[in-house]
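Engineer: Sharing a structure here in structure tokens format.
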Amino acid sequence: MSSLSHHQQIEEGFQTWNLPFYFSKPVVRHLLHFIDGMSSIGFTGKLTEIHALSHHAKHRTTLGHFLQHSPWNESFLLRQSKKHVLRNMKKDEPTFLLLDDTISQKTKPSSQATSPIQATGFHFSHTDGKSVWGHQVVQLMMANQQTAFPFDFRLFCKEQDQSKIDLSLEMIRQVPTFNHPTYLLCDSWYTSKTIIEAAFCKGIHTIGAMKTNRILYPKGIRIQAKQFATHIQPTETNFVTIGQETYRVYRYEGALNDLANGIVLLCWPSDDETLDPKNIRCFLSTDVELTNEQILTYYGYRWRIETYFQQVKGHLGFQGYQVRSRKAIQRFWILVQFAYLFLSDIYGKSFTQTIHLVRKNKFASIIEFVHNSTKHGASLEQIKNELQVA
């Protein structure tokens, strides 16, 4: 079948990433089938789909065994992914670390289930507005001004001692030190004293959303940000345009609770002439040299991690996987992150462009195969057997 060209590109990419020098031939073959299957139309995360969509010659149970029992070192694949990301960081512009978490929702098993999925639990979903059952992952991405790359992740289990903050600290401390400005971008959950201090120890400034009940000290007076906002007049604000949106912005510089000095931007929609407290949003920057425009522009880059979550859930099976052991889940997630980086690299395009191109070409190759097989007299049954859909 002409889909072999995609196999060939994957194999050539494996050589560039030095995978055959570290992994055995059987492991490389499994990796090839995983990447091929993940990049196929219709993939939702099931191993049976990997088997069928990549035309795997061996029994489908070998894929589950590869994830759960095979003695290959998945940490090497993660290290190679990190090296790839670091090579793509430009030295003449700021580097951004994007920190957030997401939930892979699962069906809660009955109390009689003999082999439930490991490491699951109830986690609050802001999207659903309630607690849902599944896995929660804390993700760290690395970005420049043009694009963002997944860098590291941790599985969060409430039953263990480590909190999401602890897991975040682990990842931040393992980030290499850069010789150019570096910023950690996060929402209000992660804009905490421990996160800010850990980042600062690495020479990293923090820019994050801030809860409106955070304590400020204007002129030495202790007051919540939302209460302080009631004393601000519209004439004290400036208009700041970021992209297509314009905001009214008040800039506070001074002490905060647990922070000796920082910038807090209190923002309202541009048409809010009354500065309604319900419309206020606050953003914190530990870099006091940045302008209002820079702080809000940089914070806007954080949205790329939300886009990444949507892409891996919608295209690479991050939402629909059904492997059960914690080891297999960890390995599957590493393969998802690797596939995201690897496919974009070998095709030289963004992930969105790459996945649509690959799936379009693979679908066209199937049509071509069926057409040529029919011309050469192949029966329907022979075609179905070749495509493994019989």
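Residue numbers start at 1 in each chain; chains themselves are named A, B, ... in the order of the structure tokens; ligands are numbered from 1 in the order shown.
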With a distance cut-off of 10 Å and only C-alpha atoms, select the neighbouring residues of Arg248 in chain A, excluding the residue or stretch itself and same-chain residues fewer than 5 positions from it, and output the selection as a list in words.

Structural biologist: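 After dropping sequence-adjacent residues, the list is Pro234, Thr235, Glu236, Thr237, Asn238, Phe239, Val240, Thr241, Leu265, Leu266, Cys267, Trp268, Pro269, Ser270, Asp271, Asp272, Glu273, Leu275 and Ile280 of chain A.
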
Engineer: For His84 in chain A, work out the shell of residues within 12 Å, counting only C-alpha atoms and skipping chain neighbours fewer than 5 positions away, then give it as a list in words.

Structural biologist: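 The residues that qualify are Thr16, Trp17, Asn18, Leu77, Leu78, Arg79, Met89, Met142, Phe149, Pro150, Phe151, Gln337, Phe338, Tyr340, Leu341, Phe342, Ser344, Asp345 and Ile346 of chain A.
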
Engineer: Store the residues picked out above in a file with C-alpha atoms, as an mmCIF file, in the first residue's frame.

Structural biologist:
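The resulting selection.cif:
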```cif
data_model
loop_
_atom_site.group_PDB
_atom_site.id
_atom_site.type_symbol
_atom_site.label_atom_id
_atom_site.label_comp_id
_atom_site.auth_asym_id
_atom_site.auth_seq_id
_atom_site.Cartn_x
_atom_site.Cartn_y
_atom_site.Cartn_z
ATOM 1 C CA THR A 16 17.288 11.443 13.179
ATOM 2 C CA TRP A 17 16.041 11.120 16.761
ATOM 3 C CA ASN A 18 18.591 8.290 17.387
ATOM 4 C CA LEU A 77 11.879 8.748 24.808
ATOM 5 C CA LEU A 78 10.894 11.551 27.177
ATOM 6 C CA ARG A 79 14.513 12.777 27.354
ATOM 7 C CA MET A 89 14.071 27.471 21.940
ATOM 8 C CA MET A 142 7.876 25.337 26.807
ATOM 9 C CA PHE A 149 5.947 22.377 22.818
ATOM 10 C CA PRO A 150 4.965 19.840 25.516
ATOM 11 C CA PHE A 151 7.957 19.427 27.815
ATOM 12 C CA GLN A 337 3.686 13.703 23.825
ATOM 13 C CA PHE A 338 6.358 12.152 21.613
ATOM 14 C CA TYR A 340 2.865 15.389 18.976
ATOM 15 C CA LEU A 341 6.476 16.590 18.734
ATOM 16 C CA PHE A 342 7.767 13.945 16.341
ATOM 17 C CA SER A 344 5.422 18.045 13.561
ATOM 18 C CA ASP A 345 9.183 17.682 13.297
ATOM 19 C CA ILE A 346 9.331 15.178 10.417
#
```

Engineer: Please identify the strand (DSSP E or B) residues within range 56-166 of chain A (assignment by DSSP from backbone atoms) and present them as an MDAnalysis selection string.

Structural biologist: chainID A and resid 95:105 121:125 130:143 148:156

Engineer: I'd like the interatomic distance between CA of Thr95 in chain A and CA of Thr352 in chain A, to a tenth of an Å.

Structural biologist: 22.1 Å

Engineer: Considering only C-alpha atoms, return as a PDB file with N, CA, C and O atoms, in the first residue's frame whatever protein or nucleic-acid residues lie within 10 Å of Trp333 in chain A, sequence-local ones (same chain, fewer than 6 positions apart) excluded.

Structural biologist:
```pdb
ATOM      1  N   VAL A 137      -3.764  15.325  35.040  1.00  0.00           N
ATOM      2  CA  VAL A 137      -2.365  15.461  34.630  1.00  0.00           C
ATOM      3  C   VAL A 137      -1.937  16.909  34.784  1.00  0.00           C
ATOM      4  O   VAL A 137      -2.646  17.821  34.356  1.00  0.00           O
ATOM      5  N   PHE A 153       5.341  16.238  32.234  1.00  0.00           N
ATOM      6  CA  PHE A 153       4.026  16.103  32.859  1.00  0.00           C
ATOM      7  C   PHE A 153       4.135  15.203  34.086  1.00  0.00           C
ATOM      8  O   PHE A 153       5.113  14.471  34.250  1.00  0.00           O
ATOM      9  N   ARG A 154       3.122  15.283  34.933  1.00  0.00           N
ATOM     10  CA  ARG A 154       3.024  14.419  36.105  1.00  0.00           C
ATOM     11  C   ARG A 154       1.566  13.984  36.299  1.00  0.00           C
ATOM     12  O   ARG A 154       0.647  14.780  36.104  1.00  0.00           O
ATOM     13  N   LEU A 155       1.384  12.741  36.686  1.00  0.00           N
ATOM     14  CA  LEU A 155       0.059  12.240  37.053  1.00  0.00           C
ATOM     15  C   LEU A 155      -0.210  12.616  38.500  1.00  0.00           C
ATOM     16  O   LEU A 155       0.612  12.357  39.388  1.00  0.00           O
ATOM     17  N   VAL A 312      -4.467  16.966  21.778  1.00  0.00           N
ATOM     18  CA  VAL A 312      -4.121  15.584  22.118  1.00  0.00           C
ATOM     19  C   VAL A 312      -5.357  14.780  22.520  1.00  0.00           C
ATOM     20  O   VAL A 312      -5.390  13.558  22.327  1.00  0.00           O
ATOM     21  N   LEU A 316      -5.021  12.490  19.416  1.00  0.00           N
ATOM     22  CA  LEU A 316      -4.020  11.490  19.799  1.00  0.00           C
ATOM     23  C   LEU A 316      -4.468  10.570  20.932  1.00  0.00           C
ATOM     24  O   LEU A 316      -3.636   9.906  21.554  1.00  0.00           O
ATOM     25  N   GLY A 317      -5.759  10.529  21.214  1.00  0.00           N
ATOM     26  CA  GLY A 317      -6.277   9.535  22.146  1.00  0.00           C
ATOM     27  C   GLY A 317      -6.084   9.837  23.609  1.00  0.00           C
ATOM     28  O   GLY A 317      -6.251   8.958  24.463  1.00  0.00           O
ATOM     29  N   PHE A 318      -5.721  11.069  23.957  1.00  0.00           N
ATOM     30  CA  PHE A 318      -5.483  11.409  25.365  1.00  0.00           C
ATOM     31  C   PHE A 318      -6.755  11.294  26.211  1.00  0.00           C
ATOM     32  O   PHE A 318      -6.685  11.134  27.426  1.00  0.00           O
ATOM     33  N   TYR A 321      -8.094   6.642  25.826  1.00  0.00           N
ATOM     34  CA  TYR A 321      -7.297   5.441  26.074  1.00  0.00           C
ATOM     35  C   TYR A 321      -7.996   4.541  27.092  1.00  0.00           C
ATOM     36  O   TYR A 321      -8.731   5.011  27.969  1.00  0.00           O
ATOM     37  N   ALA A 339       4.570  11.687  20.006  1.00  0.00           N
ATOM     38  CA  ALA A 339       3.916  11.745  18.692  1.00  0.00           C
ATOM     39  C   ALA A 339       3.622  13.183  18.294  1.00  0.00           C
ATOM     40  O   ALA A 339       3.800  13.570  17.128  1.00  0.00           O
TER      41      ALA A 339
END
```
